[in-house]
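Structure below is target17.cif: mmCIF, C-alpha atoms.
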data_upload
#
loop_
_atom_site.label_atom_id
_atom_site.label_comp_id
_atom_site.auth_asym_id
_atom_site.auth_seq_id
_atom_site.Cartn_x
_atom_site.Cartn_y
_atom_site.Cartn_z
CA MET Y 1 119.79 73.31 118.90
CA GLN Y 2 123.54 72.95 119.23
CA THR Y 3 123.68 72.18 115.51
CA VAL Y 4 121.62 75.31 114.77
CA ILE Y 5 124.06 77.46 116.77
CA GLU Y 6 127.11 75.87 115.12
CA LEU Y 7 125.63 76.39 111.66
CA LEU Y 8 124.67 79.97 112.48
CA ALA Y 9 128.23 80.65 113.61
CA ARG Y 10 129.52 79.47 110.23
CA LEU Y 11 126.91 81.41 108.25
CA VAL Y 12 127.54 84.75 109.96
CA SER Y 13 131.29 84.33 109.50
CA PHE Y 14 130.80 84.80 105.75
CA LYS Y 15 130.84 88.55 105.04
CA SER Y 16 128.11 88.28 102.43
CA VAL Y 17 127.27 91.99 102.22
CA SER Y 18 125.03 92.86 99.26
CA ARG Y 19 126.85 93.36 95.94
CA HIS Y 20 129.81 91.35 97.30
CA SER Y 21 130.40 87.72 96.43
CA ASN Y 22 128.41 85.15 98.40
CA LEU Y 23 130.00 82.15 96.72
CA ASP Y 24 131.88 81.00 99.82
CA LEU Y 25 128.61 80.81 101.74
CA ILE Y 26 126.82 79.08 98.86
CA ASP Y 27 129.70 76.58 98.53
CA PHE Y 28 129.46 75.84 102.26
CA VAL Y 29 125.73 75.17 102.05
CA ALA Y 30 126.10 73.07 98.89
CA ASP Y 31 128.83 70.95 100.53
CA TYR Y 32 126.69 70.54 103.64
CA LEU Y 33 123.73 69.34 101.58
CA ASP Y 34 125.96 67.08 99.51
CA GLY Y 35 126.89 65.31 102.74
CA PHE Y 36 123.27 64.13 102.91
CA GLY Y 37 123.16 63.15 99.25
CA ILE Y 38 121.26 66.29 98.21
CA HIS Y 39 122.20 67.98 94.95
CA ALA Y 40 122.09 71.79 94.98
CA ARG Y 41 121.77 73.73 91.77
CA ARG Y 42 123.16 77.22 91.42
CA VAL Y 43 121.80 80.16 89.42
CA TYR Y 44 124.57 82.73 89.02
CA SER Y 45 124.56 86.50 88.64
CA ASP Y 46 125.61 87.88 85.26
CA ASP Y 47 129.17 88.48 86.48
CA GLY Y 48 129.41 85.07 88.13
CA GLU Y 49 130.33 86.60 91.51
CA ARG Y 50 127.10 85.70 93.31
CA ALA Y 51 124.67 82.81 93.13
CA ASN Y 52 121.27 81.57 94.23
CA LEU Y 53 121.02 78.02 95.52
CA TYR Y 54 118.09 75.66 95.05
CA ALA Y 55 117.81 72.10 96.36
CA THR Y 56 115.02 69.53 96.62
CA ILE Y 57 114.62 66.84 99.25
CA GLY Y 58 112.24 64.16 98.02
CA PRO Y 59 110.64 63.64 94.61
CA THR Y 60 111.51 66.25 91.99
CA GLU Y 61 108.54 65.59 89.72
CA ARG Y 62 105.96 67.26 91.95
CA GLY Y 63 105.56 70.46 93.93
CA GLY Y 64 106.05 70.90 97.66
CA ILE Y 65 106.90 73.50 100.26
CA CYS Y 66 109.83 75.83 99.56
CA LEU Y 67 111.78 77.27 102.50
CA SER Y 68 113.42 80.45 101.29
CA GLY Y 69 115.93 82.92 102.67
CA HIS Y 70 118.51 85.42 101.43
CA SER Y 71 122.23 85.12 102.04
CA ASP Y 72 123.17 88.80 101.92
CA VAL Y 73 123.38 91.23 104.81
CA VAL Y 74 123.65 95.00 105.13
CA PRO Y 75 127.00 96.71 105.86
CA VAL Y 76 128.33 97.26 109.38
CA GLU Y 77 130.55 100.29 108.69
CA GLY Y 78 129.84 103.24 110.97
CA GLN Y 79 127.77 101.23 113.44
CA PRO Y 80 128.79 101.06 117.14
CA TRP Y 81 129.09 97.27 117.49
CA THR Y 82 130.31 96.06 120.91
CA SER Y 83 131.64 92.80 119.44
CA ASP Y 84 132.90 91.51 116.10
CA PRO Y 85 129.79 91.55 113.86
CA PHE Y 86 131.01 88.51 111.92
CA VAL Y 87 131.78 86.33 114.94
CA LEU Y 88 128.79 84.80 116.72
CA LEU Y 89 128.63 85.83 120.38
CA GLU Y 90 126.27 84.01 122.75
CA ARG Y 91 125.26 85.90 125.87
CA ASP Y 92 122.22 85.53 128.15
CA GLY Y 93 120.26 83.50 125.62
CA ARG Y 94 120.97 85.91 122.77
CA LEU Y 95 123.13 85.26 119.71
CA TYR Y 96 124.80 88.43 118.41
CA ALA Y 97 126.20 88.97 114.89
CA ARG Y 98 125.26 90.62 111.62
CA GLY Y 99 122.48 88.63 109.97
CA THR Y 100 121.34 86.63 112.99
CA SER Y 101 117.81 88.03 112.78
CA ASP Y 102 117.88 89.04 109.12
CA MET Y 103 118.00 86.22 108.19
CA LYS Y 104 120.72 83.66 108.65
CA GLY Y 105 119.04 82.36 111.81
CA PHE Y 106 116.24 80.95 109.66
CA ILE Y 107 118.71 79.43 107.20
CA ALA Y 108 120.59 77.79 110.08
CA CYS Y 109 117.35 76.23 111.33
CA VAL Y 110 116.50 74.92 107.85
CA LEU Y 111 119.94 73.37 107.45
CA ALA Y 112 119.82 71.84 110.93
CA ALA Y 113 116.49 70.25 110.04
CA VAL Y 114 117.87 68.63 106.86
CA PRO Y 115 118.62 65.24 108.51
CA HIS Y 116 115.02 65.16 109.74
CA PHE Y 117 113.78 66.08 106.25
CA VAL Y 118 115.89 63.36 104.63
CA GLU Y 119 114.55 60.76 107.07
CA ARG Y 120 110.90 61.75 106.94
CA VAL Y 121 110.17 63.23 103.49
CA THR Y 122 108.65 60.68 101.11
CA ASP Y 123 105.85 61.78 98.79
CA VAL Y 124 105.84 65.58 99.05
CA PRO Y 125 109.19 67.36 98.68
CA ILE Y 126 110.82 70.11 100.66
CA HIS Y 127 112.68 72.71 98.59
CA ILE Y 128 115.43 74.96 99.94
CA ALA Y 129 116.08 78.31 98.24
CA ILE Y 130 118.83 80.78 99.16
CA SER Y 131 119.13 84.02 97.18
CA TYR Y 132 121.60 86.90 96.87
CA ASP Y 133 121.28 90.71 96.96
CA GLU Y 134 117.81 90.80 98.52
CA GLU Y 135 118.71 93.83 100.63
CA ILE Y 136 119.22 96.05 97.57
CA GLY Y 137 115.87 95.31 95.94
CA CYS Y 138 115.25 91.56 95.73
CA VAL Y 139 117.76 91.39 92.88
CA GLY Y 140 119.13 87.86 92.86
CA VAL Y 141 115.98 85.81 93.39
CA ARG Y 142 114.56 86.97 90.04
CA GLY Y 143 117.03 84.78 88.14
CA LEU Y 144 116.09 81.80 90.31
CA LEU Y 145 112.38 82.40 89.79
CA ASP Y 146 112.92 82.58 86.03
CA GLU Y 147 114.35 79.06 86.29
CA LEU Y 148 111.57 77.80 88.57
CA ALA Y 149 108.90 79.17 86.25
CA LYS Y 150 110.20 76.76 83.58
CA ASP Y 151 110.26 73.72 85.89
CA ALA Y 152 107.67 71.02 85.38
CA ALA Y 153 106.97 70.99 89.11
CA LYS Y 154 107.54 74.32 90.83
CA PRO Y 155 106.74 74.62 94.57
CA THR Y 156 103.09 74.71 95.57
CA GLY Y 157 103.86 77.05 98.47
CA CYS Y 158 106.74 79.09 99.86
CA ILE Y 159 107.65 80.16 103.40
CA ILE Y 160 109.97 83.17 103.41
CA GLY Y 161 111.86 83.10 106.70
CA GLU Y 162 112.23 86.84 107.29
CA PRO Y 163 112.05 87.81 110.99
CA THR Y 164 108.43 87.95 112.15
CA GLY Y 165 108.78 86.55 115.67
CA MET Y 166 107.42 83.30 114.18
CA ARG Y 167 104.06 84.90 113.37
CA VAL Y 168 102.58 84.13 109.97
CA ALA Y 169 102.54 87.28 107.82
CA SER Y 170 100.21 87.11 104.84
CA ALA Y 171 100.78 90.52 103.22
CA HIS Y 172 103.22 93.39 102.87
CA LYS Y 173 103.58 96.56 100.83
CA GLY Y 174 105.41 96.80 97.52
CA LYS Y 175 108.29 99.19 96.90
CA SER Y 176 109.58 101.33 94.04
CA ALA Y 177 112.70 103.50 94.20
CA TYR Y 178 113.70 106.10 91.62
CA ARG Y 179 116.54 108.47 90.81
CA CYS Y 180 115.66 111.82 89.26
CA CYS Y 181 118.46 113.64 87.41
CA VAL Y 182 118.00 117.32 86.59
CA ARG Y 183 120.43 118.98 84.14
CA GLY Y 184 120.42 122.73 83.79
CA LEU Y 185 122.94 125.37 82.68
CA ALA Y 186 125.89 126.61 84.76
CA GLY Y 187 126.52 130.31 85.20
CA HIS Y 188 127.77 133.02 87.53
CA SER Y 189 125.57 133.54 90.56
CA ALA Y 190 125.67 137.31 89.98
CA GLN Y 191 123.38 136.75 86.98
CA PRO Y 192 121.33 133.65 87.91
CA SER Y 193 118.72 134.32 85.22
CA LEU Y 194 121.31 133.44 82.56
CA GLY Y 195 121.65 129.93 83.97
CA VAL Y 196 119.26 127.08 84.78
CA ASN Y 197 119.47 126.23 88.46
CA ALA Y 198 119.18 122.43 88.59
CA ILE Y 199 118.96 122.38 92.40
CA GLU Y 200 115.98 124.72 92.48
CA TYR Y 201 114.08 122.76 89.84
CA ALA Y 202 114.91 119.53 91.68
CA ALA Y 203 113.58 121.17 94.84
CA ASP Y 204 110.28 121.86 93.06
CA LEU Y 205 110.02 118.13 92.30
CA VAL Y 206 110.91 117.14 95.86
CA ALA Y 207 108.26 119.55 97.14
CA LEU Y 208 105.71 117.88 94.86
CA LEU Y 209 106.64 114.49 96.28
CA ARG Y 210 106.15 115.83 99.79
CA ARG Y 211 102.72 117.19 98.93
CA SER Y 212 101.82 113.90 97.28
CA GLY Y 213 102.90 112.01 100.40
CA ARG Y 214 100.64 114.19 102.53
CA ALA Y 215 97.77 113.59 100.12
CA LEU Y 216 98.27 109.83 100.35
CA GLN Y 217 98.12 110.11 104.13
CA SER Y 218 94.97 112.22 104.18
CA SER Y 219 92.94 110.95 101.24
CA GLY Y 220 94.69 107.97 99.64
CA ASN Y 221 93.89 104.28 99.92
CA LYS Y 222 93.82 102.98 103.49
CA ASP Y 223 94.33 99.55 105.01
CA ALA Y 224 94.29 99.44 108.81
CA ARG Y 225 96.30 96.21 108.88
CA TYR Y 226 99.45 98.12 107.93
CA ASP Y 227 101.58 100.54 109.95
CA PRO Y 228 101.28 103.17 108.59
CA PRO Y 229 97.92 102.30 106.99
CA PHE Y 230 98.59 104.23 103.76
CA SER Y 231 101.17 104.35 100.98
CA THR Y 232 104.23 106.46 101.75
CA VAL Y 233 106.78 108.45 99.74
CA GLN Y 234 110.03 109.93 100.94
CA THR Y 235 113.16 111.51 99.45
CA GLY Y 236 116.22 109.81 100.89
CA LYS Y 237 119.21 111.30 99.08
CA ILE Y 238 120.05 114.50 97.17
CA SER Y 239 123.23 115.97 95.70
CA GLY Y 240 124.22 118.82 93.38
CA GLY Y 241 126.21 121.99 92.92
CA VAL Y 242 129.92 122.86 93.17
CA ALA Y 243 130.04 126.25 94.92
CA VAL Y 244 127.68 128.82 96.33
CA ASN Y 245 128.62 131.37 93.64
CA VAL Y 246 127.98 129.01 90.72
CA VAL Y 247 124.53 128.36 89.27
CA PRO Y 248 124.37 124.54 89.56
CA ASP Y 249 123.91 122.67 86.30
CA HIS Y 250 123.27 119.28 87.85
CA CYS Y 251 121.22 117.85 90.72
CA GLU Y 252 119.95 114.38 91.41
CA PHE Y 253 117.82 112.90 94.15
CA ASP Y 254 116.56 109.43 95.08
CA PHE Y 255 113.09 108.74 96.42
CA GLU Y 256 111.05 105.67 97.27
CA ILE Y 257 107.38 104.71 97.38
CA ARG Y 258 106.10 101.97 99.67
CA GLN Y 259 102.66 101.27 98.40
CA LEU Y 260 99.50 99.43 99.29
CA PRO Y 261 97.81 97.42 96.55
CA GLY Y 262 95.86 99.80 94.34
CA GLY Y 263 98.26 101.72 92.12
CA ASP Y 264 99.22 104.67 94.37
CA GLY Y 265 102.83 104.45 93.18
CA ALA Y 266 102.02 104.54 89.48
CA ARG Y 267 99.74 107.54 89.95
CA LEU Y 268 102.39 109.42 91.91
CA VAL Y 269 105.11 108.81 89.30
CA SER Y 270 102.69 109.91 86.58
CA GLU Y 271 101.98 113.16 88.47
CA LEU Y 272 105.70 113.82 88.91
CA THR Y 273 106.42 113.16 85.23
CA THR Y 274 103.58 115.39 84.07
CA PHE Y 275 104.72 118.26 86.31
CA ALA Y 276 108.30 117.86 85.08
CA THR Y 277 107.50 117.72 81.37
CA GLN Y 278 104.61 120.19 81.17
CA THR Y 279 105.55 122.81 83.78
CA LEU Y 280 109.26 122.74 84.63
CA LEU Y 281 110.95 121.70 81.38
CA PRO Y 282 109.36 124.46 79.24
CA GLU Y 283 110.72 127.04 81.71
CA MET Y 284 114.17 125.45 81.68
CA LYS Y 285 114.35 125.17 77.90
CA ARG Y 286 113.55 128.85 77.43
CA VAL Y 287 117.07 129.46 78.76
CA SER Y 288 118.82 126.27 77.58
CA ASN Y 289 117.46 123.82 75.07
CA ASP Y 290 119.83 121.18 76.49
CA ALA Y 291 118.08 121.16 79.88
CA THR Y 292 116.64 117.76 80.84
CA ILE Y 293 114.81 115.94 83.63
CA ASP Y 294 115.31 112.17 83.61
CA LEU Y 295 113.68 109.58 85.85
CA GLN Y 296 115.30 106.17 86.38
CA CYS Y 297 113.76 103.25 88.27
CA LEU Y 298 116.35 101.83 90.67
CA VAL Y 299 114.36 99.15 92.49
CA GLU Y 300 110.90 97.71 92.11
CA TYR Y 301 109.29 94.69 93.70
CA PRO Y 302 105.64 93.82 94.28
CA GLY Y 303 103.86 93.60 97.57
CA LEU Y 304 102.52 90.33 98.94
CA SER Y 305 98.76 90.15 98.51
CA ASP Y 306 96.60 88.30 101.00
CA ASP Y 307 94.46 86.49 98.43
CA ALA Y 308 92.63 83.18 98.33
CA SER Y 309 95.56 81.34 96.72
CA SER Y 310 97.48 81.44 100.00
CA ASN Y 311 94.64 80.23 102.26
CA ALA Y 312 95.81 76.61 102.39
CA LEU Y 313 99.39 77.61 103.19
CA LYS Y 314 98.26 80.12 105.83
CA THR Y 315 96.03 77.50 107.45
CA LEU Y 316 98.86 74.96 107.48
CA CYS Y 317 101.37 77.32 109.09
CA ALA Y 318 98.88 78.75 111.57
CA GLY Y 319 97.87 75.26 112.66
CA LEU Y 320 101.48 74.27 113.28
CA LEU Y 321 102.13 77.42 115.29
CA GLY Y 322 98.78 77.52 117.09
CA ASP Y 323 98.25 81.16 116.09
CA THR Y 324 95.65 82.35 113.57
CA ASP Y 325 96.35 86.06 114.13
CA PHE Y 326 97.93 86.76 110.75
CA ALA Y 327 100.27 89.73 110.51
CA THR Y 328 101.03 92.28 107.82
CA LEU Y 329 104.52 93.71 107.41
CA SER Y 330 105.83 97.24 107.01
CA PHE Y 331 108.97 95.95 105.24
CA GLY Y 332 109.31 94.22 101.89
CA THR Y 333 110.39 90.66 101.09
CA GLU Y 334 110.81 88.31 98.13
CA ALA Y 335 107.38 86.80 98.82
CA GLY Y 336 105.56 88.96 96.28
CA LEU Y 337 107.94 87.78 93.55
CA PHE Y 338 107.28 84.13 94.39
CA GLN Y 339 103.56 84.93 94.32
CA SER Y 340 103.94 86.62 90.92
CA ILE Y 341 104.90 83.30 89.28
CA GLY Y 342 102.02 81.43 90.91
CA ILE Y 343 103.66 80.20 94.11
CA PRO Y 344 101.46 81.07 97.15
CA SER Y 345 103.67 82.55 99.86
CA VAL Y 346 103.75 83.64 103.48
CA VAL Y 347 106.48 85.21 105.61
CA CYS Y 348 107.41 83.54 108.89
CA GLY Y 349 110.75 83.33 110.64
CA PRO Y 350 112.64 83.80 113.91
CA GLY Y 351 113.90 87.13 115.19
CA SER Y 352 112.65 90.69 114.88
CA ILE Y 353 113.00 93.24 112.10
CA LEU Y 354 113.43 95.86 114.86
CA ARG Y 355 116.87 94.36 115.60
CA ALA Y 356 117.94 94.13 111.96
CA HIS Y 357 120.25 96.56 110.13
CA LYS Y 358 121.66 97.98 113.37
CA ALA Y 359 124.56 97.42 115.74
CA ASP Y 360 124.46 94.36 118.02
CA GLU Y 361 121.81 92.59 115.94
CA TYR Y 362 120.72 89.39 117.66
CA VAL Y 363 118.31 86.47 117.65
CA THR Y 364 117.37 84.54 120.77
CA VAL Y 365 117.98 80.85 121.32
CA ASP Y 366 114.30 80.45 122.17
CA GLU Y 367 113.26 81.98 118.84
CA LEU Y 368 115.49 79.57 116.95
CA ALA Y 369 114.13 76.66 118.99
CA GLU Y 370 110.58 77.66 118.08
CA CYS Y 371 111.52 77.84 114.40
CA LEU Y 372 113.23 74.44 114.49
CA ALA Y 373 110.19 72.86 116.15
CA PHE Y 374 107.94 74.44 113.48
CA LEU Y 375 110.07 72.97 110.68
CA LYS Y 376 109.96 69.51 112.22
CA ARG Y 377 106.18 69.67 112.60
CA LEU Y 378 105.91 70.83 108.98
CA ILE Y 379 106.85 67.36 107.73
#
Take the structure from the file and write it as structure tokens.
Amino acid sequence: MQTVIELLARLVSFKSVSRHSNLDLIDFVADYLDGFGIHARRVYSDDGERANLYATIGPTERGGICLSGHSDVVPVEGQPWTSDPFVLLERDGRLYARGTSDMKGFIACVLAAVPHFVERVTDVPIHIAISYDEEIGCVGVRGLLDELAKDAAKPTGCIIGEPTGMRVASAHKGKSAYRCCVRGLAGHSAQPSLGVNAIEYAADLVALLRRSGRALQSSGNKDARYDPPFSTVQTGKISGGVAVNVVPDHCEFDFEIRQLPGGDGARLVSELTTFATQTLLPEMKRVSNDATIDLQCLVEYPGLSDDASSNALKTLCAGLLGDTDFATLSFGTEAGLFQSIGIPSVVCGPGSILRAHKADEYVTVDELAECLAFLKRLI
């Protein structure tokens, strides 16, 4: 456990905020693994500023269990931290710093278990995967999975160590995020009919999204395992206009859909597009033929489906933890992407998502100890 805490202290000291370089952290992990004779391969971002790491302990010609986590964390600016968020603080059995729960605590446990893996792994390998930019839409891991899909022996199962309180989670919703840009025609507010008010047309679209969200809640697909048990849509950001006496010629807003399996998101986007092109745009173009409504997908990743392919992995993990009460998650992970290339996946790791992304994030020593014991039993 002392090794876990020391490793966690090093990991949280790297300010690996999404979109920033994580190469110092990846170099540290690669050097650590190299000390045990383990080669780590890197898969870089297009600009070379960030990298995924992938390493195998044991035979490389066959599959095995992959232990996967992301290296990036969310920003700390504007949050009322009571200690330095990038310096590990231990107090009353809690370890405080950005990323302790989400999810460098899991990575620290995996690295601390490496000597045990090296000693005990013989026929079936353990793979270690660390990705970048997960927090902004599971961006980095896609390049790594493209590489793994080509491997002769990709993992036969993956455990994503997101914080679940060490419960095995077998499913979570998928997510899509979009930006809608409305371009109208500027004019003097004294004669608004001579302009095309982009804010008002954007508001019509936002109102449609709100109605659609209510419809999903009342009559859409339901799955009682989730909280909430239906697909959701919400507008999270909007901007436009320059002054109250100017008809605004530009407005844009961002919205997201967190969807159950079943296509709710695709139907909603289709409804929005139809309303924009068949109802709003003809009105706008009667005043200005240059008026447009454009929809851009910002983020999209699949949910994790609880299907038969993951039964063996679920049974293995549940047996090691002594808990067959499988959870579903309200937040997204990289697990659905692993599943999409034929790697059965579950989510299980120390900490709590309720402590993540906020000031004074922490993981408990007991949670890390439970995770470390789980990893040792896994062999």
All residues 12 Å or closer to Tyr32 of chain Y, all atoms listed in the file, same chain fewer than 4 positions away omitted, as a PyMOL selection string: chain Y and resi 7+10-11+25-28+36-40+55+108+110-112+114-115
Residues returned when the PyMOL selection byres ((chain Y and resi 57-64) around 6) runs on this file, as a PyMOL selection string: chain Y and resi 56+65+121-122+124-126+153-156
Selection: 8 Å around segment 132-141 of chain Y, all atoms listed in the file, excl. self and same-chain fewer than 2 positions, as a PyMOL selection string: chain Y and resi 18-19+22+45+50-52+70-74+130+143-145+299-301+333-334
Length of the atom CA of Gln79 of chain Y to atom CA of Gly236 of chain Y vector [Å]: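 Separation of atom CA of Gln79 of chain Y and atom CA of Gly236 of chain Y: 19.1 Å.
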Hits from the PyMOL selection byres ((chain Y and resi 332) around 9), listed as an MDAnalysis selection string: chainID Y and resid 137:138 172:175 258 301:304 329:331 333:336
Limited to C-alpha atoms, could you put the picked residues into a file as a short mmCIF file (atom, residue, chain, number, x, y, z; two decimals), in the frame of the given file?
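Saved as result-v7.cif:
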data_model
loop_
_atom_site.label_atom_id
_atom_site.label_comp_id
_atom_site.auth_asym_id
_atom_site.auth_seq_id
_atom_site.Cartn_x
_atom_site.Cartn_y
_atom_site.Cartn_z
CA GLY Y 137 115.87 95.31 95.94
CA CYS Y 138 115.25 91.56 95.73
CA HIS Y 172 103.22 93.39 102.87
CA LYS Y 173 103.58 96.56 100.83
CA GLY Y 174 105.41 96.80 97.52
CA LYS Y 175 108.29 99.19 96.90
CA ARG Y 258 106.10 101.97 99.67
CA TYR Y 301 109.29 94.69 93.70
CA PRO Y 302 105.64 93.82 94.28
CA GLY Y 303 103.86 93.60 97.57
CA LEU Y 304 102.52 90.33 98.94
CA LEU Y 329 104.52 93.71 107.41
CA SER Y 330 105.83 97.24 107.01
CA PHE Y 331 108.97 95.95 105.24
CA THR Y 333 110.39 90.66 101.09
CA GLU Y 334 110.81 88.31 98.13
CA ALA Y 335 107.38 86.80 98.82
CA GLY Y 336 105.56 88.96 96.28
#
Between atom CA of Ala327 of chain Y and atom CA of Phe230 of chain Y - distance in Å to one decimal: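 Computed distance, atom CA of Phe230 of chain Y to atom CA of Ala327 of chain Y, equals 16.1 Å.
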Distance of atom CA of Ser231 of chain Y from atom CA of Tyr201 of chain Y, expressed in Å to one decimal place: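 These atoms are spaced 25.1 Å apart.
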Nearest-residue call for Ala9 of chain Y, choices Y:Asp24, Y:Glu49, Y:Glu90, Y:Asp366, using all atoms listed in the file: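 Smallest distance to Ala9 of chain Y is found for Y:Glu90.
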Can you patch up segment 84-98 of chain Y, filling it in to N, CA and C atoms, and show the result as a PDB file, keeping the file's coordinate frame?
ATOM      1  N   ASP Y  84     132.660  91.723 117.526  1.00  0.00           N
ATOM      2  CA  ASP Y  84     132.900  91.510 116.100  1.00  0.00           C
ATOM      3  C   ASP Y  84     131.593  91.091 115.427  1.00  0.00           C
ATOM      4  N   PRO Y  85     131.089  91.875 114.460  1.00  0.00           N
ATOM      5  CA  PRO Y  85     129.790  91.550 113.860  1.00  0.00           C
ATOM      6  C   PRO Y  85     129.781  90.278 113.028  1.00  0.00           C
ATOM      7  N   PHE Y  86     130.950  89.734 112.722  1.00  0.00           N
ATOM      8  CA  PHE Y  86     131.010  88.510 111.920  1.00  0.00           C
ATOM      9  C   PHE Y  86     131.525  87.318 112.724  1.00  0.00           C
ATOM     10  N   VAL Y  87     131.462  87.447 114.038  1.00  0.00           N
ATOM     11  CA  VAL Y  87     131.780  86.330 114.940  1.00  0.00           C
ATOM     12  C   VAL Y  87     130.604  86.172 115.896  1.00  0.00           C
ATOM     13  N   LEU Y  88     129.976  85.003 115.890  1.00  0.00           N
ATOM     14  CA  LEU Y  88     128.790  84.800 116.720  1.00  0.00           C
ATOM     15  C   LEU Y  88     129.162  84.873 118.202  1.00  0.00           C
ATOM     16  N   LEU Y  89     128.432  85.691 118.936  1.00  0.00           N
ATOM     17  CA  LEU Y  89     128.630  85.830 120.380  1.00  0.00           C
ATOM     18  C   LEU Y  89     127.345  85.431 121.084  1.00  0.00           C
ATOM     19  N   GLU Y  90     127.434  84.451 121.981  1.00  0.00           N
ATOM     20  CA  GLU Y  90     126.270  84.010 122.750  1.00  0.00           C
ATOM     21  C   GLU Y  90     126.360  84.592 124.147  1.00  0.00           C
ATOM     22  N   ARG Y  91     125.285  85.281 124.551  1.00  0.00           N
ATOM     23  CA  ARG Y  91     125.260  85.900 125.870  1.00  0.00           C
ATOM     24  C   ARG Y  91     123.823  86.017 126.356  1.00  0.00           C
ATOM     25  N   ASP Y  92     123.545  85.418 127.511  1.00  0.00           N
ATOM     26  CA  ASP Y  92     122.220  85.530 128.150  1.00  0.00           C
ATOM     27  C   ASP Y  92     121.086  85.106 127.222  1.00  0.00           C
ATOM     28  N   GLY Y  93     121.303  84.018 126.486  1.00  0.00           N
ATOM     29  CA  GLY Y  93     120.260  83.500 125.620  1.00  0.00           C
ATOM     30  C   GLY Y  93     120.090  84.233 124.316  1.00  0.00           C
ATOM     31  N   ARG Y  94     121.010  85.159 124.029  1.00  0.00           N
ATOM     32  CA  ARG Y  94     120.970  85.910 122.770  1.00  0.00           C
ATOM     33  C   ARG Y  94     122.217  85.575 121.952  1.00  0.00           C
ATOM     34  N   LEU Y  95     122.038  85.546 120.633  1.00  0.00           N
ATOM     35  CA  LEU Y  95     123.130  85.260 119.710  1.00  0.00           C
ATOM     36  C   LEU Y  95     123.349  86.497 118.847  1.00  0.00           C
ATOM     37  N   TYR Y  96     124.507  87.154 119.058  1.00  0.00           N
ATOM     38  CA  TYR Y  96     124.800  88.430 118.410  1.00  0.00           C
ATOM     39  C   TYR Y  96     125.690  88.232 117.184  1.00  0.00           C
ATOM     40  N   ALA Y  97     125.358  88.866 116.096  1.00  0.00           N
ATOM     41  CA  ALA Y  97     126.200  88.970 114.890  1.00  0.00           C
ATOM     42  C   ALA Y  97     125.339  89.563 113.787  1.00  0.00           C
ATOM     43  N   ARG Y  98     125.998  90.102 112.759  1.00  0.00           N
ATOM     44  CA  ARG Y  98     125.260  90.620 111.620  1.00  0.00           C
ATOM     45  C   ARG Y  98     124.563  89.453 110.891  1.00  0.00           C
TER      46      ARG Y  98
END
